[in-house]
file protein_38.txt (compact mmCIF, C-alpha atoms)
# COMPACT_ATOMS: atom_id res chain seq x y z
CA MET A 27 11.45 22.44 13.20
CA ALA A 28 7.98 22.86 14.70
CA ILE A 29 6.95 25.58 12.24
CA PRO A 30 3.21 25.57 11.37
CA VAL A 31 2.32 25.24 7.70
CA THR A 32 -0.94 25.59 5.85
CA PRO A 33 -2.33 22.25 4.57
CA ASP A 34 -2.00 21.90 0.81
CA PRO A 35 -4.60 19.59 -0.79
CA ALA A 36 -2.35 19.13 -3.81
CA ARG A 37 0.41 17.70 -1.63
CA ASP A 38 -1.49 16.15 1.28
CA SER A 39 -2.90 13.36 -0.85
CA PRO A 40 -3.92 9.75 -0.20
CA ALA A 41 -0.69 8.68 -1.94
CA ASP A 42 1.60 9.94 0.85
CA SER A 43 2.20 6.53 2.46
CA ILE A 44 1.55 2.94 1.53
CA GLN A 45 1.47 -0.39 3.29
CA PHE A 46 1.42 -3.49 1.14
CA GLY A 47 1.99 -7.23 1.24
CA TRP A 48 2.57 -9.95 -1.33
CA HIS A 49 2.57 -13.72 -1.09
CA ARG A 50 3.64 -16.19 -3.77
CA THR A 51 3.27 -19.97 -3.59
CA SER A 52 4.84 -22.36 -6.10
CA ARG A 53 2.82 -25.55 -6.43
CA SER A 54 3.94 -29.03 -7.48
CA ASN A 55 2.27 -28.66 -10.89
CA ASP A 56 4.39 -25.53 -11.56
CA TYR A 57 1.39 -23.27 -10.99
CA ILE A 58 2.08 -19.99 -9.18
CA ASP A 59 -0.47 -18.73 -6.65
CA GLN A 60 -0.25 -15.00 -5.85
CA THR A 61 -1.99 -12.74 -3.34
CA TRP A 62 -1.59 -8.95 -3.09
CA TRP A 63 -2.91 -6.25 -0.79
CA ALA A 64 -2.10 -2.56 -0.42
CA VAL A 65 -3.47 0.34 1.63
CA ARG A 66 -2.61 3.99 1.01
CA ASP A 67 -2.80 6.52 3.85
CA ARG A 68 -2.89 10.29 3.88
CA CYS A 69 0.10 12.04 5.41
CA SER A 70 -1.27 15.36 6.62
CA ALA A 71 1.40 17.49 8.30
CA ASP A 72 0.78 20.58 10.41
CA TYR A 73 4.46 21.45 10.96
CA LEU A 74 7.41 21.92 8.63
CA GLY A 75 9.37 19.00 10.07
CA GLU A 76 6.41 16.73 9.59
CA ARG A 77 5.90 18.10 6.05
CA LEU A 78 9.53 17.27 5.15
CA LEU A 79 9.08 13.78 6.58
CA CYS A 80 5.82 13.36 4.65
CA ASP A 81 7.54 14.45 1.45
CA ALA A 82 10.33 11.92 1.97
CA VAL A 83 7.89 9.14 2.77
CA GLY A 84 5.77 10.18 -0.19
CA VAL A 85 8.66 9.65 -2.63
CA LEU A 86 9.14 6.10 -1.36
CA ALA A 87 5.38 5.49 -1.34
CA ARG A 88 4.95 6.61 -4.92
CA ALA A 89 7.79 4.32 -6.02
CA ALA A 90 6.18 1.39 -4.17
CA SER A 91 2.82 2.36 -5.61
CA ARG A 92 4.18 2.30 -9.17
CA LYS A 93 5.65 -1.15 -8.52
CA VAL A 94 2.29 -2.45 -7.30
CA GLU A 95 0.49 -0.97 -10.30
CA THR A 96 3.02 -2.39 -12.76
CA GLU A 97 2.88 -5.86 -11.21
CA MET A 98 -0.90 -5.82 -11.14
CA SER A 99 -1.19 -4.69 -14.75
CA GLU A 100 1.55 -6.80 -16.32
CA ASP A 101 1.92 -9.81 -14.04
CA MET A 102 -1.72 -10.39 -13.11
CA GLY A 103 -3.48 -8.63 -16.00
CA LEU A 104 -5.70 -6.61 -13.64
CA PRO A 105 -5.76 -2.83 -14.29
CA LEU A 106 -5.80 -0.33 -11.41
CA PRO A 107 -7.56 3.06 -11.71
CA ASP A 108 -5.69 6.21 -10.65
CA GLY A 109 -5.99 7.35 -7.06
CA TRP A 110 -6.82 3.96 -5.57
CA GLY A 111 -6.73 3.91 -1.78
CA LEU A 112 -7.07 0.19 -1.07
CA MET A 113 -6.68 -2.90 -3.22
CA THR A 114 -6.44 -6.66 -2.93
CA ALA A 115 -5.78 -9.18 -5.69
CA LYS A 116 -5.70 -12.94 -6.14
CA ASN A 117 -4.35 -15.14 -8.92
CA SER A 118 -4.92 -18.83 -8.28
CA ARG A 119 -5.88 -21.90 -10.29
CA PHE A 120 -9.52 -20.98 -9.60
CA ILE A 121 -9.71 -17.23 -10.15
CA ARG A 122 -8.05 -13.97 -11.05
CA SER A 123 -9.62 -11.17 -9.01
CA ALA A 124 -9.12 -7.64 -7.71
CA HIS A 125 -10.95 -5.50 -5.16
CA VAL A 126 -10.24 -1.77 -5.50
CA GLU A 127 -11.46 1.29 -3.58
CA THR A 128 -10.96 4.75 -5.11
CA PRO A 129 -12.36 8.27 -4.57
CA LEU A 130 -13.02 8.59 -8.32
CA ASP A 131 -16.71 8.75 -9.21
CA LEU A 132 -18.42 5.66 -10.57
CA ALA A 133 -18.70 6.95 -14.14
CA ALA A 134 -14.94 7.62 -14.28
CA VAL A 135 -14.10 4.18 -12.88
CA LEU A 136 -16.52 2.49 -15.27
CA GLY A 137 -14.99 4.32 -18.23
CA PHE A 138 -11.49 3.36 -17.11
CA TYR A 139 -12.30 -0.34 -16.81
CA ARG A 140 -14.23 -0.52 -20.08
CA ALA A 141 -11.29 0.96 -21.97
CA ALA A 142 -8.60 -1.03 -20.15
CA LEU A 143 -10.41 -4.37 -20.47
CA GLU A 144 -11.21 -3.81 -24.14
CA GLN A 145 -7.48 -3.32 -24.72
CA ARG A 146 -6.93 -6.72 -23.10
CA GLY A 147 -9.35 -8.36 -25.53
CA TRP A 148 -12.26 -8.74 -23.08
CA ALA A 149 -15.63 -8.64 -24.90
CA GLU A 150 -18.50 -6.97 -23.02
CA ASN A 151 -21.67 -9.08 -22.97
CA ASP A 152 -25.19 -7.77 -23.50
CA GLY A 153 -27.33 -6.97 -20.47
CA ALA A 154 -25.02 -4.61 -18.58
CA VAL A 155 -26.64 -2.91 -15.56
CA VAL A 156 -25.46 0.70 -15.21
CA GLU A 157 -27.04 2.96 -12.58
CA PRO A 158 -25.81 6.16 -10.87
CA ASP A 159 -24.50 4.27 -7.81
CA ARG A 160 -24.05 0.72 -9.17
CA ALA A 161 -22.91 -1.14 -12.28
CA VAL A 162 -22.57 -4.85 -13.15
CA ILE A 163 -21.04 -5.95 -16.45
CA ALA A 164 -20.21 -9.47 -17.65
CA PHE A 165 -17.36 -10.14 -20.08
CA THR A 166 -16.23 -13.01 -22.27
CA THR A 167 -12.49 -13.67 -22.32
CA THR A 168 -10.24 -16.37 -23.77
CA ASP A 169 -9.49 -17.55 -20.20
CA GLY A 170 -13.06 -17.79 -18.90
CA PRO A 171 -16.12 -15.72 -17.89
CA ALA A 172 -15.44 -12.42 -16.13
CA ARG A 173 -17.46 -9.82 -14.25
CA LEU A 174 -17.03 -6.22 -13.13
CA ARG A 175 -19.14 -4.97 -10.22
CA LEU A 176 -19.04 -1.31 -9.11
CA THR A 177 -20.78 0.32 -6.16
CA ARG A 178 -20.65 3.87 -4.86
CA GLN A 179 -20.67 4.55 -1.12
CA ASP A 180 -19.22 7.08 1.35
CA ASN A 181 -17.47 9.13 -1.36
CA ARG A 182 -15.65 6.12 -2.78
CA THR A 183 -16.22 3.72 -5.64
CA ILE A 184 -15.69 0.04 -4.86
CA ALA A 185 -14.72 -2.10 -7.84
CA ASP A 186 -14.71 -5.90 -7.85
CA LEU A 187 -13.21 -7.47 -10.97
CA SER A 188 -13.02 -11.24 -11.37
CA LEU A 189 -12.23 -13.84 -14.00
CA ARG A 190 -13.35 -17.39 -13.14
CA LYS A 191 -11.00 -20.16 -14.29
CA PRO A 192 -12.15 -23.71 -15.19
CA ALA A 193 -10.75 -25.45 -12.07
CA VAL A 194 -13.32 -26.34 -9.40
CA ALA A 195 -12.53 -25.27 -5.84
CA THR A 196 -11.68 -27.73 -3.10
CA ALA A 197 -14.45 -28.70 -0.70
CA GLY A 198 -13.23 -26.34 2.03
CA LEU A 199 -13.26 -23.38 -0.33
CA LEU A 200 -16.43 -24.18 -2.29
CA PRO A 201 -19.58 -22.27 -1.21
CA LYS A 202 -22.91 -23.99 -0.78
CA PRO A 203 -24.98 -23.94 -4.01
CA GLY A 204 -26.57 -20.52 -4.46
CA GLN A 205 -24.85 -19.19 -1.34
CA VAL A 206 -21.80 -17.10 -0.52
CA LYS A 207 -18.96 -18.30 1.73
CA LEU A 208 -17.24 -15.62 3.82
CA MET A 209 -14.10 -16.51 5.78
CA LEU A 210 -12.57 -14.16 8.35
CA GLY A 211 -8.97 -13.50 9.37
CA ASN A 212 -6.86 -10.98 11.24
CA LYS A 213 -3.46 -9.82 9.98
CA THR A 214 -2.76 -7.46 12.90
CA ASP A 215 -0.89 -7.88 16.18
CA ASP A 216 -4.03 -7.01 18.16
CA ALA A 217 -7.37 -8.65 18.81
CA ALA A 218 -10.10 -7.58 16.40
CA VAL A 219 -13.88 -7.67 16.14
CA ILE A 220 -15.82 -8.07 12.88
CA THR A 221 -19.55 -7.46 12.70
CA VAL A 222 -21.43 -8.71 9.63
CA ASN A 223 -25.10 -7.66 9.62
CA GLU A 224 -25.21 -7.56 13.42
CA ARG A 225 -23.40 -10.90 13.82
CA THR A 226 -20.19 -10.29 15.80
CA ILE A 227 -17.05 -12.43 15.58
CA LYS A 228 -14.00 -11.90 17.79
CA LEU A 229 -10.60 -12.72 16.30
CA ALA A 230 -7.34 -13.15 18.16
CA ALA A 231 -4.20 -11.52 16.77
CA HIS A 232 -3.14 -13.21 13.49
CA ALA A 233 -6.07 -15.65 13.59
CA GLY A 234 -6.61 -16.98 10.06
CA GLU A 235 -4.22 -14.45 8.52
CA THR A 236 -3.00 -16.96 5.88
CA LEU A 237 -6.47 -17.88 4.58
CA PRO A 238 -5.99 -16.11 1.20
CA TYR A 239 -2.66 -17.88 0.60
CA PHE A 240 -3.41 -21.59 0.67
CA ASP A 241 -6.46 -23.63 -0.41
CA ASP A 242 -6.18 -26.02 2.53
CA VAL A 243 -6.43 -23.20 5.09
CA ALA A 244 -10.13 -22.89 4.21
CA ALA A 245 -10.78 -26.44 5.41
CA GLU A 246 -8.74 -25.93 8.58
CA LEU A 247 -10.36 -22.62 9.56
CA PRO A 248 -12.61 -22.89 12.67
CA ASP A 249 -16.34 -22.78 11.99
CA SER A 250 -16.50 -19.60 14.07
CA GLN A 251 -14.54 -17.84 11.31
CA LYS A 252 -16.81 -18.98 8.46
CA ILE A 253 -20.18 -17.53 7.50
CA ASP A 254 -22.63 -18.79 4.86
CA LEU A 255 -24.71 -15.95 3.39
CA PRO A 256 -27.40 -15.53 0.76
CA PRO A 257 -26.34 -13.19 -2.06
CA GLY A 258 -26.92 -9.49 -1.45
CA LYS A 259 -25.44 -6.42 0.26
CA TYR A 260 -23.95 -6.64 3.74
CA LYS A 261 -22.84 -4.03 6.23
CA VAL A 262 -19.47 -4.87 7.77
CA THR A 263 -17.75 -3.17 10.70
CA LEU A 264 -14.13 -3.87 11.69
CA ARG A 265 -12.53 -2.73 14.91
CA VAL A 266 -9.00 -3.37 16.17
CA ASP A 267 -8.00 -2.65 19.76
CA GLY A 268 -6.90 0.98 19.92
CA SER A 269 -8.21 1.94 16.46
CA ALA A 270 -11.40 3.55 15.25
CA ALA A 271 -14.02 1.29 13.70
CA GLN A 272 -14.10 1.06 9.91
CA LYS A 273 -17.37 0.40 8.09
CA ARG A 274 -18.16 -0.84 4.60
CA GLU A 275 -21.10 -2.25 2.69
CA PHE A 276 -20.14 -5.08 0.35
CA GLU A 277 -22.17 -6.71 -2.40
CA VAL A 278 -21.70 -10.45 -3.01
CA ALA A 279 -23.28 -12.81 -5.53
CA ALA A 280 -24.28 -16.47 -5.48
CA ASN A 281 -21.52 -19.09 -5.63
CA GLU A 282 -18.76 -16.69 -4.57
CA THR A 283 -16.17 -17.30 -1.85
CA TRP A 284 -14.51 -14.38 -0.10
CA GLY A 285 -11.84 -13.91 2.51
CA LEU A 286 -12.15 -10.80 4.69
CA LEU A 287 -8.98 -9.85 6.57
CA VAL A 288 -8.52 -7.19 9.21
CA GLY A 289 -5.61 -5.16 7.84
CA PRO A 290 -3.44 -2.26 9.08
CA ASP A 291 -5.32 0.12 11.41
CA GLY A 292 -8.39 -2.06 11.03
CA ALA A 293 -8.67 -1.57 7.27
CA PRO A 294 -10.93 -4.22 5.66
CA LEU A 295 -9.10 -6.35 3.08
CA PRO A 296 -11.67 -8.34 1.06
CA VAL A 297 -10.09 -10.98 -1.20
CA ARG A 298 -12.20 -12.83 -3.77
CA LEU A 299 -11.04 -16.47 -3.58
CA TYR A 300 -13.60 -18.24 -5.82
call {"tool": "encode", "arguments": {"input": "protein_38.txt", "output": "structure tokens"}}
result
Amino acid sequence: MAIPVTPDPARDSPADSIQFGWHRTSRSNDYIDQTWWAVRDRCSADYLGERLLCDAVGVLARAASRKVETEMSEDMGLPLPDGWGLMTAKNSRFIRSAHVETPLDLAAVLGFYRAALEQRGWAENDGAVVEPDRAVIAFTTTDGPARLRLTRQDNRTIADLSLRKPAVATAGLLPKPGQVKLMLGNKTDDAAVITVNERTIKLAAHAGETLPYFDDVAAELPDSQKIDLPPGKYKVTLRVDGSAAQKREFEVAANETWGLLVGPDGAPLPVRLY
């Protein structure tokens, strides 16, 4: 079956495989806490046997992808643009949030979100900032204040959508006034290294991997896995033993709390927690 084939951009797409996880916690007050993450990978085959395997995997991946998109849209009320390559989402008593990375250009992603959120009854506030490589828009909703933040980097658009709920975070999750709290975890079976603006943190396999799932994990996390930051943009590098380093630049604002997990193949999984 080792017959060479010519790569086909229409078939060798980022949707050819998908890894995803979901966690649901039922609380004593009947509130449901949900966390999602998903990473799509390209299946690029050079031989016919590999192409047939990619096609088979692709069918399953597209079915899983549709399930994720349906759950996100209907269950959590957070729309996903076409062609997304990585996403995380959180629905807790504090926040409803989604982080999405897509190769679509910023104008296309902005247009998608404006239309989708208007359909959900979100009212765009005055004072939107829209630039060629960045956009920040505030919304008023019946459930609380919301914000969309878009940035363009390395041929991808990064979208952070959040709706803040009235509940106040627990002490372990709450950032310092005017600051940003960043908590680090590792979902992989291997040791990992995270560098945030030249500060390097080593993480053992599975260290802090449940931090997006439970409020009390934030308080129990070692100080070495917590960073207090002023608002701004930060360069982050993730490296897992045996994998190439992955780099991102993330923008964070005052009074936000984020979890940053090392995901499959060292993929960064940022989860907005507050």
call {"tool": "atom_distance", "arguments": {"input": "protein_38.txt", "atom1": "atom CA of A:Ala124", "atom2": "atom CA of A:Asn223"}}
result
23.6 Å
call {"tool": "atom_distance", "arguments": {"input": "protein_38.txt", "atom1": "atom CA of A:Thr114", "atom2": "atom CA of A:Asp241"}}
result
17.2 Å
call {"tool": "closest_residue", "arguments": {"input": "protein_38.txt", "among": "A:Ala233, A:Ala245, A:Leu255, A:Ala164", "to": "A:Pro203", "atoms": "all atoms listed in the file"}}
result
A:Leu255
call {"tool": "closest_residue", "arguments": {"input": "protein_38.txt", "among": "A:Thr61, A:Thr196, A:Thr226, A:Asn181", "to": "A:Gly285", "atoms": "all atoms listed in the file"}}
result
A:Thr61
call {"tool": "atom_distance", "arguments": {"input": "protein_38.txt", "atom1": "atom CA of A:Leu200", "atom2": "atom CA of A:Val262"}}
result
22.0 Å
call {"tool": "residues_around", "arguments": {"input": "protein_38.txt", "residues": "A:Ile227", "least_positions_apart": "5", "cutoff": "9 Å", "atoms": "only C-alpha atoms", "output": "list in words"}}
result
Leu210, Ala218, Val219, Ile220, Thr221, Val222, Ser250 and Gln251 of chain A
call {"tool": "residues_around", "arguments": {"input": "protein_38.txt", "residues": "A:Thr128", "least_positions_apart": "4", "cutoff": "8 Å", "atoms": "only C-alpha atoms", "output": "list in words"}}
result
Pro107, Asp108, Gly109, Trp110, Gly111, Leu112, Arg182, Thr183 and Ile184 of chain A
